[in-house]
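Structure data follow from upload-v3.txt (compact mmCIF, C-alpha atoms):
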```
# COMPACT_ATOMS: atom_id res chain seq x y z
CA MET A 2 -26.92 79.83 98.79
CA ALA A 3 -26.62 81.95 95.67
CA PHE A 4 -27.07 85.68 95.35
CA SER A 5 -27.86 87.50 92.16
CA PHE A 6 -25.85 90.55 91.17
CA SER A 7 -27.80 93.56 89.98
CA ARG A 8 -25.90 93.64 86.70
CA ASN A 9 -26.78 90.03 85.93
CA GLU A 10 -30.21 90.77 84.57
CA ARG A 11 -31.81 90.86 81.14
CA ILE A 12 -35.28 91.82 80.05
CA TYR A 13 -37.31 90.54 77.13
CA LEU A 14 -40.32 92.22 75.55
CA GLN A 15 -43.16 90.71 73.55
CA THR A 16 -46.23 92.36 72.09
CA GLU A 17 -49.41 90.56 73.14
CA THR A 18 -52.08 89.76 70.60
CA THR A 19 -54.63 89.24 73.37
CA PHE A 20 -54.55 91.29 76.56
CA GLY A 21 -53.22 89.31 79.47
CA VAL A 22 -52.13 86.27 77.50
CA ILE A 23 -48.40 85.66 77.41
CA PRO A 24 -47.44 84.77 73.82
CA ASN A 25 -47.34 80.98 73.81
CA THR A 26 -47.88 77.85 71.79
CA GLY A 27 -49.76 75.16 73.64
CA GLY A 28 -48.77 76.64 76.99
CA ALA A 29 -45.07 76.98 76.15
CA ALA A 30 -43.87 80.58 75.98
CA THR A 31 -42.79 81.61 72.50
CA LEU A 32 -39.98 83.62 73.97
CA SER A 33 -36.64 83.78 72.17
CA GLY A 34 -33.34 85.60 72.27
CA ALA A 35 -34.75 87.86 69.57
CA ASP A 36 -36.98 89.51 72.21
CA ALA A 37 -34.12 90.80 74.38
CA CYS A 38 -33.75 94.50 75.10
CA ARG A 39 -30.94 96.27 76.92
CA HIS A 40 -32.04 98.40 79.82
CA ILE A 41 -30.79 100.49 82.72
CA ARG A 42 -33.30 99.37 85.31
CA ALA A 43 -36.58 97.55 85.47
CA SER A 44 -39.16 97.08 88.14
CA LEU A 45 -41.89 94.43 88.22
CA VAL A 46 -44.07 94.53 91.28
CA PRO A 47 -46.96 92.16 92.00
CA GLU A 48 -49.73 93.66 94.08
CA VAL A 49 -52.22 91.67 96.10
CA GLU A 50 -54.91 93.47 98.04
CA LEU A 51 -55.35 92.47 101.64
CA LEU A 52 -59.02 92.13 102.53
CA VAL A 53 -59.51 92.76 106.22
CA ARG A 54 -62.90 92.23 107.81
CA PRO A 55 -63.82 95.61 109.33
CA ASP A 56 -66.13 94.35 112.08
CA LYS A 57 -65.30 95.03 115.69
CA THR A 58 -63.99 92.15 117.80
CA GLY A 59 -64.31 93.77 121.18
CA THR A 60 -60.58 94.38 121.52
CA ARG A 61 -58.21 96.80 119.82
CA THR A 62 -56.10 94.02 118.24
CA ALA A 63 -56.18 93.98 114.44
CA THR A 64 -57.42 90.85 112.71
CA PRO A 65 -55.55 89.23 109.81
CA GLY A 66 -56.99 89.54 106.32
CA VAL A 67 -57.18 87.36 103.23
CA ALA A 68 -55.73 87.82 99.78
CA GLY A 69 -57.88 89.89 97.46
CA ARG A 70 -57.61 91.09 93.87
CA ARG A 71 -54.31 90.76 92.08
CA SER A 72 -52.59 93.25 89.81
CA GLY A 73 -49.13 94.62 89.25
CA ARG A 74 -47.06 97.51 88.08
CA TRP A 75 -43.94 97.79 86.01
CA SER A 76 -41.39 100.36 84.93
CA VAL A 77 -38.34 100.39 82.71
CA GLU A 78 -35.60 102.86 81.97
CA MET A 79 -33.24 102.45 79.06
CA SER A 80 -30.96 104.28 76.69
CA LEU A 81 -32.56 105.65 73.58
CA ALA A 82 -31.26 103.25 70.95
CA ALA A 83 -32.65 102.38 67.56
CA SER A 84 -31.83 99.09 65.87
CA GLY A 85 -29.07 100.77 63.89
CA THR A 86 -30.59 99.66 60.60
CA ALA A 87 -33.00 102.03 58.92
CA GLY A 88 -36.50 100.60 58.73
CA VAL A 89 -35.96 98.00 61.46
CA ALA A 90 -37.89 98.48 64.71
CA PRO A 91 -35.86 99.03 67.88
CA ASP A 92 -35.61 96.35 70.57
CA CYS A 93 -38.03 98.34 72.74
CA ASP A 94 -40.71 98.16 70.02
CA PRO A 95 -43.34 96.37 72.18
CA VAL A 96 -43.27 99.23 74.70
CA LEU A 97 -43.55 101.85 71.96
CA VAL A 98 -46.42 99.94 70.34
CA ALA A 99 -48.22 99.96 73.69
CA LEU A 100 -47.38 103.64 74.20
CA PHE A 101 -48.72 104.76 70.83
CA GLY A 102 -51.53 102.22 70.61
CA GLN A 103 -50.64 100.55 67.35
CA ALA A 104 -47.79 98.90 65.45
CA ALA A 105 -45.23 101.08 63.75
CA THR A 106 -45.35 101.91 60.08
CA ILE A 107 -42.21 100.47 58.55
CA GLN A 108 -40.72 102.06 55.47
CA SER A 109 -38.17 99.45 54.53
CA GLY A 110 -34.64 100.77 54.51
CA VAL A 111 -35.84 104.24 55.51
CA SER A 112 -37.73 104.65 58.76
CA VAL A 113 -39.92 103.30 61.54
CA THR A 114 -42.82 105.59 62.45
CA TYR A 115 -45.10 105.37 65.47
CA ASN A 116 -48.42 107.20 65.21
CA LEU A 117 -51.10 107.42 67.85
CA ALA A 118 -54.20 105.26 67.92
CA ASP A 119 -56.97 105.25 70.51
CA THR A 120 -56.68 101.50 70.97
CA VAL A 121 -54.93 100.15 74.05
CA ARG A 122 -52.21 97.58 73.34
CA SER A 123 -50.46 95.40 75.87
CA PHE A 124 -47.14 93.61 76.11
CA THR A 125 -45.30 91.04 78.19
CA LEU A 126 -42.17 92.01 80.11
CA TRP A 127 -39.81 89.24 81.21
CA ARG A 128 -37.02 89.64 83.71
CA PHE A 129 -34.37 86.95 83.96
CA ARG A 130 -31.61 87.05 86.52
CA THR A 131 -28.69 84.77 87.10
CA PRO A 132 -28.20 82.31 88.58
CA SER A 133 -31.35 80.78 87.16
CA SER A 134 -32.20 79.34 90.57
CA VAL A 135 -33.27 82.77 91.88
CA MET A 136 -36.80 84.01 91.27
CA GLN A 137 -37.55 84.93 87.65
CA GLN A 138 -40.48 87.18 86.81
CA VAL A 139 -42.83 88.08 84.01
CA ALA A 140 -45.30 90.96 83.99
CA PHE A 141 -48.08 90.34 81.51
CA GLY A 142 -50.99 92.41 80.35
CA CYS A 143 -48.72 95.46 80.63
CA VAL A 144 -50.23 98.77 79.55
CA VAL A 145 -48.29 102.02 79.41
CA ASN A 146 -49.47 104.78 81.73
CA GLU A 147 -46.61 107.18 81.22
CA ALA A 148 -43.43 107.63 79.20
CA THR A 149 -40.77 110.31 79.43
CA PHE A 150 -38.13 111.20 76.85
CA ARG A 151 -35.33 113.54 77.80
CA LEU A 152 -33.27 115.83 75.57
CA GLY A 153 -29.95 117.27 76.68
CA GLU A 154 -28.41 114.39 78.62
CA ASN A 155 -25.01 112.88 77.91
CA ILE A 156 -26.57 109.54 77.03
CA ALA A 157 -30.13 109.97 75.82
CA THR A 158 -32.52 107.93 77.93
CA TRP A 159 -36.21 107.34 78.25
CA SER A 160 -38.43 105.64 80.73
CA ALA A 161 -41.90 104.17 80.80
CA SER A 162 -44.17 102.77 83.45
CA GLY A 163 -47.62 101.37 83.86
CA GLU A 164 -49.76 98.68 85.32
CA CYS A 165 -50.24 95.08 84.36
CA LYS A 166 -52.60 92.19 84.84
CA TRP A 167 -50.21 90.26 87.08
CA VAL A 168 -46.54 89.64 87.80
CA LEU A 169 -45.99 85.90 87.66
CA ASP A 170 -42.80 84.38 89.00
CA SER A 171 -40.97 81.10 88.91
CA VAL A 172 -41.20 80.55 92.69
CA ASN A 173 -44.98 80.87 92.89
CA PHE A 174 -45.76 79.39 89.48
CA ALA A 175 -46.83 75.95 90.72
CA SER A 176 -49.33 77.40 93.20
CA THR A 177 -50.71 80.05 90.83
CA ASP A 178 -54.15 79.57 89.28
CA SER A 179 -54.47 79.28 85.51
CA GLU A 180 -55.59 82.91 85.07
CA GLY A 181 -52.47 84.06 86.88
CA ARG A 182 -50.27 81.92 84.67
CA GLY A 183 -51.20 83.95 81.61
CA GLY A 184 -51.68 80.89 79.41
CA LEU A 185 -48.44 79.14 80.37
CA THR A 186 -48.14 75.57 81.55
CA VAL A 187 -44.50 75.91 82.50
CA PHE A 188 -42.29 78.85 83.46
CA PRO A 189 -39.58 79.05 80.80
CA SER A 190 -35.87 79.40 81.34
CA GLU A 191 -34.04 82.34 79.84
CA PRO A 192 -33.46 81.95 76.11
CA SER A 193 -29.90 81.34 75.04
CA ASN A 194 -28.17 83.89 72.83
CA PRO A 195 -30.09 87.08 73.61
CA VAL A 196 -29.89 89.52 70.71
CA THR A 197 -29.74 93.26 71.32
CA ASN A 198 -29.14 95.99 68.80
CA GLY A 199 -28.16 99.59 68.39
CA ASN A 200 -25.89 102.29 69.71
CA SER A 201 -26.75 104.85 72.33
CA ILE A 202 -27.14 108.51 71.39
CA ALA A 203 -25.34 111.56 72.74
CA GLY A 204 -28.46 113.16 74.16
CA PHE A 205 -27.27 116.69 73.59
CA THR A 206 -27.06 116.19 69.81
CA GLY A 207 -29.90 116.84 67.42
CA SER A 208 -32.17 119.80 66.97
CA ILE A 209 -35.36 121.36 68.20
CA THR A 210 -37.66 123.46 66.09
CA PHE A 211 -40.51 125.58 67.44
CA ASP A 212 -43.04 127.05 65.06
CA GLY A 213 -40.70 126.34 62.13
CA VAL A 214 -37.73 128.08 63.72
CA ALA A 215 -34.72 126.13 65.00
CA LEU A 216 -33.76 127.19 68.50
CA ALA A 217 -30.01 127.20 69.03
CA SER A 218 -30.14 128.24 72.67
CA ILE A 219 -32.15 125.30 73.96
CA ARG A 220 -30.63 123.67 77.06
CA GLU A 221 -32.81 120.70 77.82
CA ALA A 222 -36.30 119.42 77.22
CA THR A 223 -38.55 116.74 78.64
CA LEU A 224 -41.30 115.17 76.62
CA ARG A 225 -43.92 113.36 78.64
CA ILE A 226 -46.79 111.22 77.44
CA VAL A 227 -49.48 110.20 79.90
CA THR A 228 -51.73 107.77 78.10
CA GLY A 229 -54.65 107.39 80.50
CA ASN A 230 -54.46 103.62 79.88
CA ALA A 231 -55.49 101.31 82.68
CA VAL A 232 -56.31 97.71 83.47
CA VAL A 233 -59.94 97.20 84.49
CA ARG A 234 -59.74 95.78 87.99
CA ASP A 235 -63.24 95.99 89.34
CA THR A 236 -65.18 93.46 87.26
CA PHE A 237 -67.42 91.36 89.47
CA GLY A 238 -66.21 87.80 89.88
CA LYS A 239 -62.65 88.56 88.78
CA TYR A 240 -59.53 88.39 90.90
CA TYR A 241 -57.44 89.71 87.99
CA GLY A 242 -57.92 92.61 85.63
CA ASP A 243 -59.82 91.28 82.66
CA THR A 244 -59.55 94.01 80.05
CA VAL A 245 -58.15 97.49 79.40
CA GLU A 246 -59.56 100.98 79.17
CA GLY A 247 -58.25 104.36 78.09
CA ASP A 248 -58.79 107.94 79.17
CA LEU A 249 -57.70 111.36 78.00
CA ARG A 250 -54.18 111.37 76.60
CA ASN A 251 -51.92 114.12 77.89
CA VAL A 252 -48.74 114.98 75.97
CA THR A 253 -46.62 117.71 77.50
CA LEU A 254 -43.34 119.37 76.72
CA ALA A 255 -41.19 121.19 79.27
CA PHE A 256 -37.96 122.90 78.31
CA SER A 257 -35.53 125.63 79.10
CA LEU A 258 -33.46 127.89 76.91
CA TYR A 259 -30.89 130.61 77.32
CA ASP A 260 -32.77 133.86 77.11
CA ASN A 261 -31.66 136.15 74.29
CA ASP A 262 -33.00 138.86 72.02
CA GLU A 263 -33.43 136.78 68.87
CA ALA A 264 -36.71 136.23 67.05
CA GLY A 265 -37.07 132.58 68.08
CA PRO A 266 -37.37 133.07 71.84
CA ALA A 267 -39.36 136.29 71.36
CA ASN A 268 -41.91 134.33 69.31
CA LEU A 269 -42.26 131.78 72.08
CA TYR A 270 -42.65 134.49 74.72
CA GLN A 271 -45.49 135.97 72.66
CA LYS A 272 -47.16 132.61 71.98
CA ALA A 273 -46.99 131.77 75.69
CA VAL A 274 -49.12 134.83 76.37
CA THR A 275 -51.57 134.53 73.47
CA LYS A 276 -51.74 130.72 73.87
CA THR A 277 -51.46 130.32 70.15
CA PRO A 278 -50.56 126.65 69.56
CA VAL A 279 -47.13 125.94 68.10
CA ASP A 280 -45.78 122.80 66.47
CA VAL A 281 -42.52 121.46 67.81
CA ILE A 282 -40.07 119.05 66.21
CA ILE A 283 -37.54 117.48 68.53
CA GLU A 284 -34.82 115.39 67.00
CA ILE A 285 -32.44 113.48 69.21
CA GLY A 286 -29.29 112.13 67.56
CA THR A 287 -27.62 112.94 64.29
CA VAL A 288 -26.52 109.54 62.96
CA THR A 289 -28.61 107.96 60.22
CA ALA A 290 -30.89 105.16 61.47
CA ASN A 291 -30.47 106.37 65.04
CA ARG A 292 -32.29 109.71 64.90
CA TRP A 293 -35.47 109.96 66.97
CA ARG A 294 -37.76 112.65 65.64
CA PHE A 295 -40.74 113.59 67.78
CA THR A 296 -43.32 115.79 66.13
CA VAL A 297 -45.47 117.45 68.76
CA LYS A 298 -48.43 119.41 67.45
CA GLY A 299 -50.52 122.17 68.88
CA VAL A 300 -48.46 122.94 71.97
CA GLN A 301 -49.89 125.72 74.11
CA LEU A 302 -46.94 127.10 76.00
CA VAL A 303 -46.93 127.85 79.67
CA ALA A 304 -45.60 131.34 80.34
CA PRO A 305 -41.86 131.09 81.00
CA GLU A 306 -40.09 131.85 84.21
CA LEU A 307 -36.88 133.83 83.86
CA ASN A 308 -34.29 132.35 86.13
CA ASP A 309 -31.01 134.00 87.21
CA ASP A 310 -29.51 131.03 89.03
CA GLN A 311 -26.78 130.70 86.44
CA ARG A 312 -24.40 133.08 84.67
CA ARG A 313 -26.88 133.67 81.86
CA TRP A 314 -30.60 134.15 82.21
CA VAL A 315 -32.56 131.02 81.53
CA ALA A 316 -36.19 130.91 80.43
CA THR A 317 -37.95 127.84 81.79
CA PHE A 318 -41.20 126.74 80.19
CA GLY A 319 -43.17 124.37 82.40
CA GLU A 320 -45.15 121.39 81.17
CA SER A 321 -47.02 122.69 78.13
CA ALA A 322 -49.76 120.51 76.68
CA ALA A 323 -50.00 119.41 73.04
CA HIS A 324 -53.40 119.13 71.40
CA GLY A 325 -52.80 117.86 67.88
CA SER A 326 -54.09 119.45 64.71
CA SER A 327 -57.66 118.18 65.05
CA LEU A 328 -59.74 115.82 67.16
CA THR A 329 -59.53 113.05 64.59
CA ALA A 330 -55.92 113.42 63.45
CA LEU A 331 -54.49 111.81 66.62
CA ASP A 332 -51.26 113.62 65.88
CA GLU A 333 -50.44 115.42 69.10
CA ILE A 334 -47.30 113.32 68.99
CA SER A 335 -45.62 111.00 66.54
CA LEU A 336 -42.20 109.42 66.53
CA ARG A 337 -40.10 108.71 63.48
CA ILE A 338 -36.86 106.77 63.84
CA TYR A 339 -34.74 107.15 60.75
CA MET B 11 -21.63 76.72 61.80
CA SER B 12 -21.61 79.17 58.94
CA GLU B 13 -19.89 82.45 58.32
CA TYR B 14 -21.96 85.61 58.58
CA VAL B 15 -21.12 89.25 57.96
CA PHE B 16 -22.45 92.06 60.16
CA VAL B 17 -23.85 95.01 58.22
CA GLY B 18 -25.38 96.93 61.13
CA THR B 19 -23.97 99.35 63.69
CA HIS B 20 -23.87 97.53 66.99
CA SER B 21 -25.37 94.28 68.28
CA TYR B 22 -24.80 91.58 70.80
CA VAL B 23 -25.59 87.98 69.95
CA GLY B 24 -25.23 86.23 73.26
CA THR B 25 -21.85 87.43 74.42
CA ILE B 26 -20.53 88.09 70.93
CA GLU B 27 -20.22 91.81 70.25
CA LEU B 28 -20.71 92.96 66.69
CA SER B 29 -19.51 96.53 66.37
CA ARG B 30 -17.98 96.95 62.91
CA PHE B 31 -19.63 96.97 59.53
CA GLY B 32 -18.20 94.01 57.65
CA GLN B 33 -17.29 92.12 60.82
CA ARG B 34 -17.24 88.39 60.15
CA VAL B 35 -18.50 85.88 62.65
CA GLU B 36 -19.01 82.11 62.74
CA LEU B 37 -22.42 81.21 64.14
CA PRO B 38 -24.65 78.15 64.30
CA ASP B 39 -27.39 78.74 61.73
CA GLY B 40 -30.12 78.57 64.39
CA VAL B 41 -28.44 81.29 66.41
CA ALA B 42 -28.01 83.41 63.29
CA ARG B 43 -31.72 83.02 62.50
CA THR B 44 -32.63 84.17 66.02
CA ALA B 45 -30.26 87.11 65.69
CA ILE B 46 -31.69 88.19 62.34
CA ALA B 47 -35.24 87.80 63.63
CA GLY B 48 -34.27 89.95 66.58
CA GLY B 49 -33.22 92.86 64.39
CA CYS B 50 -29.52 92.08 64.00
CA ALA B 51 -28.21 92.98 60.54
CA LEU B 52 -26.41 89.75 59.65
CA LEU B 53 -25.94 88.35 56.19
CA PRO B 54 -24.65 84.93 55.16
CA ALA B 55 -21.12 85.53 53.90
CA GLU B 56 -21.84 84.26 50.40
CA GLU B 57 -24.78 86.65 50.09
CA PHE B 58 -22.64 89.53 51.33
CA GLU B 59 -20.05 88.78 48.63
CA THR B 60 -22.66 89.02 45.87
CA ILE B 61 -23.36 92.65 46.76
CA GLY B 62 -19.86 93.58 45.64
CA PHE B 63 -18.29 95.51 48.51
CA THR B 64 -14.57 95.91 47.99
CA ALA B 65 -12.21 95.18 50.87
CA GLU B 66 -11.22 98.84 50.94
CA GLU B 67 -14.84 100.01 51.18
CA VAL B 68 -15.47 97.75 54.14
CA GLU B 69 -12.23 98.73 55.83
CA ARG B 70 -12.89 102.45 55.50
CA HIS B 71 -16.44 102.41 56.87
CA PRO B 72 -16.52 100.34 60.03
CA TYR B 73 -18.60 102.71 62.19
CA PRO B 74 -21.85 104.66 61.69
CA GLY B 75 -20.14 108.05 61.56
CA ASP B 76 -17.94 106.87 58.69
CA TRP B 77 -21.03 106.42 56.55
CA GLU B 78 -22.25 110.01 56.82
CA SER B 79 -19.88 111.08 54.05
CA ALA B 80 -19.85 107.82 52.10
CA PRO B 81 -20.32 108.01 48.31
CA ALA B 82 -23.82 107.35 47.00
CA GLU B 83 -22.85 104.12 45.24
CA LEU B 84 -21.48 102.70 48.48
CA ILE B 85 -24.60 103.70 50.37
CA ALA B 86 -26.61 101.96 47.65
CA LYS B 87 -24.62 98.78 48.33
CA ARG B 88 -25.34 99.07 52.04
CA CYS B 89 -29.04 99.54 51.25
CA ALA B 90 -28.88 96.37 49.16
CA ALA B 91 -27.30 94.55 52.10
CA HIS B 92 -30.01 95.79 54.45
CA ALA B 93 -32.71 94.82 51.95
CA ALA B 94 -31.23 91.32 51.81
CA VAL B 95 -31.31 91.08 55.61
CA ALA B 96 -34.92 92.31 55.62
CA ARG B 97 -35.85 89.63 53.08
CA ILE B 98 -34.22 86.91 55.18
CA ARG B 99 -35.92 88.24 58.31
CA GLU B 100 -39.29 88.10 56.59
CA GLU B 101 -38.63 84.52 55.48
CA ILE B 102 -37.71 83.58 59.04
CA GLN B 103 -40.86 85.17 60.41
CA ARG B 104 -42.94 83.29 57.86
CA GLY B 105 -41.23 80.07 58.85
CA ARG B 106 -39.64 79.50 55.47
CA VAL B 107 -36.05 79.39 56.69
```
As structure tokens, how would this structure be written, given the file I've shared?
Amino acid sequence: MAFSFSRNERIYLQTETTFGVIPNTGGAATLSGADACRHIRASLVPEVELLVRPDKTGTRTATPGVAGRRSGRWSVEMSLAASGTAGVAPDCDPVLVALFGQAATIQSGVSVTYNLADTVRSFTLWRFRTPSSVMQQVAFGCVVNEATFRLGENIATWSASGECKWVLDSVNFASTDSEGRGGLTVFPSEPSNPVTNGNSIAGFTGSITFDGVALASIREATLRIVTGNAVVRDTFGKYYGDTVEGDLRNVTLAFSLYDNDEAGPANLYQKAVTKTPVDVIIEIGTVTANRWRFTVKGVQLVAPELNDDQRRWVATFGESAAHGSSLTALDEISLRIY
Amino acid sequence: MSEYVFVGTHSYVGTIELSRFGQRVELPDGVARTAIAGGCALLPAEEFETIGFTAEEVERHPYPGDWESAPAELIAKRCAAHAAVARIREEIQRGRV
């Protein structure tokens, strides 16, 4: 009997060209070491509804049900790490593409920029553990529901989660129907020579600018994107989700700063009352090719709470929503890695 | 097996850690192609030599922080190295290599 150690795990990410179809050639996954991505933790959970007949039986004993619709959910947490080469997408690119809704704009040798689109993109998330005899998993048709980026940590991290069409695994592969196999005819083994790139970032380095003014007294910030993306799971005749849909996008910024009498905080205190939108630029990291610049537009600040829990007063701004510069600009948030 | 030179900041290719600019590594060509396709900044050694880095330049700038104050002409050489990697990556993705 073999156990698998928690550390002996790698994940691989692939952007899907068709929702719910694992990238493949003739049923063989086109997975390679080039798709590897370092991570802190990952979760892939298959979900199968249990359909229980509700009719009375004449006793109080519950009756067993049958398997119903299938779906799944996923989540990943990883260090914020660019490729380390300007103009080359990071290893986590498929998740970012699904988060923003379109492929990044690459400026060769300079930057990788993710801008929002209203389309819903999906990706495939593989999890391989060792020894290879234990169950291996792949979540396909993954859409991003939520992503969180944090500023102020020792090692900058981010996390994302969402739902997926199904979580296929090597143990159940043979008994899974073709829809649940995502286009595969065989469950692949882990690619040899996984390739991962980039350094982590000291999460307390960088800068944050509100309304054109750099704030030196910022302590920490959390940027959250809720996409409103979902897998359609109620189509008649379908056991699996068959397409995707999107709802209102909600980008919020929460942060805290040391209260002081300078113009920067005073401006924010005023804007929190008048609800005048402010633009915010958050840059995490200072090293070329590993700087993550989030431009958040039209943030309407929540009124701050002054907190005396620490030696200095801290002003805490709760989750404040961004609205972009116009309805068509789709610029409530963008990410430039450079 | 061929010799390759790392011109990125940090990568793993399998269990091989690449952490220094100018680090040399012997790799099977297929593995190198996978690495380059996967975003690793690797150049065939002979191509690296044509860019004209001096031994001293490579020795003095092993880590990302060392490059922040590097002279413009050296940064231009690094850009040329990255452009060469990008060209190779594109050829791999188009199936030409």
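For the pair atom CA of A:Asn25 and atom CA of B:Ala94, the separation is 29.2 Å.
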Interface rows for chain B against chain A: nearest pair, Å to one decimal, 8 Å, only C-alpha atoms, as JSON lines:
```
{"residue": "B:Gly18", "atom": "CA", "partner": "A:Thr86", "partner_atom": "CA", "distance": 5.9}
{"residue": "B:Thr19", "atom": "CA", "partner": "A:Gly85", "partner_atom": "CA", "distance": 5.3}
{"residue": "B:His20", "atom": "CA", "partner": "A:Gly199", "partner_atom": "CA", "distance": 5.0}
{"residue": "B:Ser21", "atom": "CA", "partner": "A:Asn198", "partner_atom": "CA", "distance": 4.2}
{"residue": "B:Tyr22", "atom": "CA", "partner": "A:Thr197", "partner_atom": "CA", "distance": 5.2}
{"residue": "B:Val23", "atom": "CA", "partner": "A:Val196", "partner_atom": "CA", "distance": 4.6}
{"residue": "B:Gly24", "atom": "CA", "partner": "A:Asn194", "partner_atom": "CA", "distance": 3.8}
{"residue": "B:Thr25", "atom": "CA", "partner": "A:Asn194", "partner_atom": "CA", "distance": 7.4}
{"residue": "B:Val41", "atom": "CA", "partner": "A:Asn194", "partner_atom": "CA", "distance": 6.9}
{"residue": "B:Thr44", "atom": "CA", "partner": "A:Ala35", "partner_atom": "CA", "distance": 5.5}
{"residue": "B:Ala45", "atom": "CA", "partner": "A:Val196", "partner_atom": "CA", "distance": 5.6}
{"residue": "B:Ile46", "atom": "CA", "partner": "A:Ala35", "partner_atom": "CA", "distance": 7.9}
{"residue": "B:Ala47", "atom": "CA", "partner": "A:Ala35", "partner_atom": "CA", "distance": 6.0}
{"residue": "B:Gly48", "atom": "CA", "partner": "A:Ala35", "partner_atom": "CA", "distance": 3.7}
{"residue": "B:Gly49", "atom": "CA", "partner": "A:Val89", "partner_atom": "CA", "distance": 6.5}
{"residue": "B:Cys50", "atom": "CA", "partner": "A:Asn198", "partner_atom": "CA", "distance": 6.2}
{"residue": "B:Ala51", "atom": "CA", "partner": "A:Thr86", "partner_atom": "CA", "distance": 7.1}
{"residue": "B:Pro74", "atom": "CA", "partner": "A:Val288", "partner_atom": "CA", "distance": 6.9}
{"residue": "B:Gly75", "atom": "CA", "partner": "A:Val288", "partner_atom": "CA", "distance": 6.7}
{"residue": "B:Glu78", "atom": "CA", "partner": "A:Val288", "partner_atom": "CA", "distance": 7.5}
{"residue": "B:Cys89", "atom": "CA", "partner": "A:Gly110", "partner_atom": "CA", "distance": 6.6}
{"residue": "B:His92", "atom": "CA", "partner": "A:Gly110", "partner_atom": "CA", "distance": 6.8}
{"residue": "B:Ala93", "atom": "CA", "partner": "A:Gly110", "partner_atom": "CA", "distance": 6.8}
{"residue": "B:Ala96", "atom": "CA", "partner": "A:Ser109", "partner_atom": "CA", "distance": 7.9}
```
With a cut-off of 10 Å, could you pull out the residues of stretch 75-189 of chain A touching stretch 228-239 of chain A and give me the nearest pair of atoms for each, distance in Å to one decimal, using only C-alpha atoms, ordered by chain and ascending number, as CSV?
```
residue,atom,partner,partner_atom,distance
A:Ala99,CA,A:Asn230,CA,9.5
A:Leu100,CA,A:Thr228,CA,7.2
A:Phe101,CA,A:Thr228,CA,8.4
A:Gly102,CA,A:Thr228,CA,9.3
A:Asp119,CA,A:Thr228,CA,9.6
A:Thr120,CA,A:Asn230,CA,9.4
A:Val121,CA,A:Asn230,CA,6.8
A:Arg122,CA,A:Asn230,CA,9.2
A:Ser123,CA,A:Val232,CA,9.9
A:Gly142,CA,A:Val232,CA,8.1
A:Cys143,CA,A:Val232,CA,8.4
A:Val144,CA,A:Asn230,CA,6.4
A:Val145,CA,A:Asn230,CA,6.4
A:Asn146,CA,A:Thr228,CA,5.2
A:Glu147,CA,A:Thr228,CA,6.0
A:Ala148,CA,A:Thr228,CA,8.4
A:Gly163,CA,A:Ala231,CA,8.0
A:Glu164,CA,A:Ala231,CA,6.8
A:Cys165,CA,A:Val232,CA,6.7
A:Lys166,CA,A:Val232,CA,6.8
A:Glu180,CA,A:Lys239,CA,9.8
```
* Record the distance separating atom CA of A:Ile23 and atom CA of A:Ser133, expressed in Å with one decimal. => 20.2 Å
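The interatomic distance for the pair atom CA of A:Arg225 and atom CA of A:Arg151 works out to 8.6 Å.
For A:Leu307, the non-local neighbours within 8 Å, defined as residues at least 2 positions apart in the same chain or in other chains and counting only C-alpha atoms, are Asp260, Pro305, Asp309, Trp314, Val315, Ala316 and Thr317 of chain A.
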* Within 10 Å of A:Gln301, counting all atoms listed in the file, which residues show up once you throw out same-chain ones fewer than 3 positions away? Write them as a ChimeraX atom specification, please. => /A:253-254,269,272-280,298,304,320-324
* Near-A:Val139 list (9 Å; all atoms listed in the file; drop same-chain fewer than 2 positions) as a list in words -> Ile23, Leu45, Thr125, Leu126, Trp127, Arg128, Phe129, Gln137, Phe141, Trp167, Val168, Leu169, Asp170 and Ser171 of chain A
Keeping only C-alpha atoms, write those residues as a compact mmCIF listing (two decimals), keeping the file's coordinate frame.
```
# COMPACT_ATOMS: atom_id res chain seq x y z
CA ILE A 23 -48.40 85.66 77.41
CA LEU A 45 -41.89 94.43 88.22
CA THR A 125 -45.30 91.04 78.19
CA LEU A 126 -42.17 92.01 80.11
CA TRP A 127 -39.81 89.24 81.21
CA ARG A 128 -37.02 89.64 83.71
CA PHE A 129 -34.37 86.95 83.96
CA GLN A 137 -37.55 84.93 87.65
CA PHE A 141 -48.08 90.34 81.51
CA TRP A 167 -50.21 90.26 87.08
CA VAL A 168 -46.54 89.64 87.80
CA LEU A 169 -45.99 85.90 87.66
CA ASP A 170 -42.80 84.38 89.00
CA SER A 171 -40.97 81.10 88.91
```
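Closest approach to B:Ala42 from the set B:Val17, B:Met11, B:Ala86, B:Val68 is made by B:Met11, with distances taken over only C-alpha atoms.
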* Structure fact -> If you count only C-alpha atoms, the residue of B:Glu27, B:Glu101, B:Glu66, B:Glu13 closest to B:Asp39 turns out to be B:Glu13
* Determine, counting all atoms listed in the file, which protein, DNA and RNA residues have an atom within 12 Å of an atom of A:Gly69; residues of the same chain fewer than 3 positions away are not included. Present the result as a VMD selection string. => chain A and resid 48 to 54 66 72 234 to 235 238 to 241
* Asked: Near A:Val187, counting all atoms listed in the file, which residues have an atom at most 10 Å away, once you skip same-chain residues fewer than 3 positions from it, shown as a ChimeraX atom specification?
  -> /A:28-30,171,174-175,182,184,190
